[in-house]
Amino acid sequence: MPLLNEDTTFYKIRAILQKIRYYLCMTKQFTRIGLIATRNTTPVSQTLHGLVDFLSAKKLEIVLETKTDDLLPGNDLTTADLPNMHQHCDLLIVVGGDGSLLHVARLVVKQNLPILGINRGSLGFLTDICPDEIETRLLAILDCQYYEETRFLLSAQVNNNHCVAVNEMVLSSKTMAKMIHFDIYVDNKFMCHHKADGLMVSTPTGSTAYSLSGGGPILHPALNAIVLMPMFPHTLTSRPIVIDADADLSITVTKENKITAYISGDSDIYLAVEANQTVKIKKMKERLRLIHPIDYSYFETLRSKLHWG
């Protein structure tokens, strides 16, 4: 490959990368589109109507998630329950904020469905298509001009109970900040004992969410790593640590603990963890498939969402 000379500009390089992404994506064209929204608001309803009109004009097959069907009264479209969407569509479009996409992702990750997010929330780290860009952006994606990336999820197990997270697992007292005593083991090796309000275990995806607000580091999505971050620890020497995402992570609530602790995935499902019980956290083998516009840039997202210079 010839070296880049001084006349090569950033824009020329970006154009080359966009073409490479285009040809890498040529193997899959979406023809059956699933639509889902988890919030019943006027903006979401308006966007759903617009999507249906746009996709219908393109003669594409449209499948509405059963509860989403209620947001479009009078339609005659095919409906399907969320656990069966993979049988009816090859692309799932989520209308809402990042929270909506997280909720859907946890439920469909084992279906291996690619997901595209239309942002009707506040931030939009994952739902990165704005409503006024739908026609141009979606048209290009349907023409195979898109970029697909994958993100890993975490699963937590307490006895025979499980929960799943895209962003983070959090050990806490659930309702009120109270001190929890717990030990951390990595690959069956004792790491440390903590007295803190809890512990956050964040994926790279979640490193720009709850973890970021707590002072954690930003991890690039391509990294195979997770962040362990004590929450309001009893000692100032406690600091976040980044470990291999493939490590076996165990958190044992010790006998000194006087309250019931809880482990939660993306602040959704809560599993009780009593004294002397252990939470086992692992990276899931299934991965979330995200569809982006072909010119998607993770660093551009950081600049715009975090107001970097």
# chains A, B, ... in the order shown; residues from 1 in each chain; ligands from 1
$ residues_around --residues "stretch 151-158 of chain A" --least-positions-apart "5" --cutoff "8 Å" --atoms "only C-alpha atoms" --output "JSON, numbers by chain"
{"A": [163, 164, 165, 166, 167, 168, 169, 203, 205, 221, 222, 263, 265, 271, 272, 273, 277, 278, 279, 280, 281, 282, 283, 284, 285, 286, 287, 288, 289, 290]}
$ select_by_dssp --residues "stretch 36-258 of chain A" --states "strand (DSSP E or B)" --output "PyMOL selection string"
chain A and resi 36-37+61-65+78-80+91-96+114-119+129+146-158+161-165+168-172+180-186+189-196+198-202+225-231+241-244+249-253
$ residues_around --residues "A:Thr38" --least-positions-apart "2" --cutoff "8 Å" --atoms "only C-alpha atoms" --output "list in words"
Ile36, Asn40, Thr68, Val95, Gly96 and Ser100 of chain A
$ write_last_selection --atoms "N, CA, C and O atoms" --output "JSON list (two decimals), in the first residue's frame"
[["chain", "number", "residue", "atom", "x", "y", "z"],
["A", 36, "ILE", "N", -40.64, -1.20, 16.33],
["A", 36, "ILE", "CA", -41.01, -1.31, 17.74],
["A", 36, "ILE", "C", -40.76, 0.01, 18.44],
["A", 36, "ILE", "O", -39.79, 0.72, 18.15],
["A", 40, "ASN", "N", -45.25, 5.55, 24.53],
["A", 40, "ASN", "CA", -46.42, 6.07, 23.82],
["A", 40, "ASN", "C", -46.46, 7.60, 23.96],
["A", 40, "ASN", "O", -47.11, 8.14, 24.84],
["A", 68, "THR", "N", -46.61, -2.25, 19.88],
["A", 68, "THR", "CA", -46.44, -1.08, 19.02],
["A", 68, "THR", "C", -47.62, -0.90, 18.09],
["A", 68, "THR", "O", -47.96, 0.22, 17.70],
["A", 95, "VAL", "N", -37.79, 2.84, 17.73],
["A", 95, "VAL", "CA", -38.07, 4.28, 17.80],
["A", 95, "VAL", "C", -38.15, 4.68, 19.27],
["A", 95, "VAL", "O", -38.99, 4.18, 20.02],
["A", 96, "GLY", "N", -37.27, 5.57, 19.69],
["A", 96, "GLY", "CA", -37.24, 5.99, 21.09],
["A", 96, "GLY", "C", -35.85, 6.46, 21.46],
["A", 96, "GLY", "O", -35.05, 6.82, 20.60],
["A", 100, "SER", "N", -34.91, 2.79, 25.38],
["A", 100, "SER", "CA", -35.77, 1.90, 24.60],
["A", 100, "SER", "C", -34.95, 0.84, 23.87],
["A", 100, "SER", "O", -35.30, -0.34, 23.85]]
$ atom_distance --atom1 "atom CA of A:Ala245" --atom2 "atom CA of A:Ala225"
4.3 Å
$ atom_distance --atom1 "atom CA of A:Ser264" --atom2 "atom CA of A:Val170"
5.3 Å
$ atom_distance --atom1 "atom CA of A:Leu228" --atom2 "atom CA of A:Gly124"
24.3 Å
$ closest_atom_pairs --of "stretch 257-288 of chain A" --to "stretch 180-189 of chain A" --cutoff "9 Å" --atoms "only C-alpha atoms" --output "tab-separated table"
residue	atom	partner	partner_atom	distance
A:Asn257	CA	A:His181	CA	5.5
A:Lys258	CA	A:Ile180	CA	8.1
A:Ile259	CA	A:Ile180	CA	7.7
A:Thr260	CA	A:Ile180	CA	8.9
A:Ala261	CA	A:Ile180	CA	7.3
A:Ala275	CA	A:His181	CA	8.9
$ residues_around --residues "A:Glu148" --least-positions-apart "2" --cutoff "10 Å" --atoms "only C-alpha atoms" --output "compact mmCIF listing (two decimals) with N, CA and C atoms, in the first residue's frame"
# COMPACT_ATOMS: atom_id res chain seq x y z
N ARG A 21 -16.38 0.52 3.70
CA ARG A 21 -17.53 0.09 4.48
C ARG A 21 -18.68 -0.33 3.58
N LEU A 24 -18.04 -3.76 2.11
CA LEU A 24 -18.12 -4.79 3.14
C LEU A 24 -19.56 -5.13 3.49
N CYS A 25 -20.45 -4.17 3.27
CA CYS A 25 -21.85 -4.36 3.67
C CYS A 25 -22.75 -4.85 2.53
N PRO A 114 -30.26 -7.67 13.61
CA PRO A 114 -29.64 -6.34 13.59
C PRO A 114 -30.65 -5.27 13.98
N ILE A 115 -30.19 -4.26 14.73
CA ILE A 115 -31.08 -3.23 15.25
C ILE A 115 -30.61 -1.86 14.79
N LEU A 116 -31.57 -1.07 14.36
CA LEU A 116 -31.32 0.32 13.97
C LEU A 116 -32.13 1.22 14.89
N TYR A 146 -24.43 0.85 4.74
CA TYR A 146 -24.51 0.96 6.19
C TYR A 146 -23.26 0.36 6.81
N THR A 150 -20.79 -4.72 16.42
CA THR A 150 -21.35 -5.57 17.46
C THR A 150 -20.86 -5.09 18.82
N ARG A 289 -26.16 -6.62 17.60
CA ARG A 289 -25.78 -6.12 16.27
C ARG A 289 -26.44 -4.76 16.05
N LEU A 290 -25.62 -3.75 15.88
CA LEU A 290 -26.11 -2.38 15.68
C LEU A 290 -25.83 -1.94 14.24
N ILE A 291 -26.85 -1.35 13.62
CA ILE A 291 -26.71 -0.81 12.26
C ILE A 291 -26.58 0.71 12.35
N HIS A 292 -25.57 1.25 11.69
CA HIS A 292 -25.33 2.69 11.68
C HIS A 292 -25.29 3.19 10.23
N PRO A 293 -25.50 4.50 10.02
CA PRO A 293 -25.21 5.08 8.71
C PRO A 293 -23.76 4.83 8.33
N ILE A 294 -23.46 4.80 7.06
CA ILE A 294 -22.13 4.38 6.63
C ILE A 294 -21.03 5.35 7.06
N TYR A 296 -20.88 6.72 10.00
CA TYR A 296 -20.88 6.74 11.46
C TYR A 296 -19.46 6.80 12.00
$ closest_residue --among "A:Ala247, A:Ala57, A:Leu101, A:Leu142" --to "A:Arg32" --atoms "only C-alpha atoms"
A:Leu142
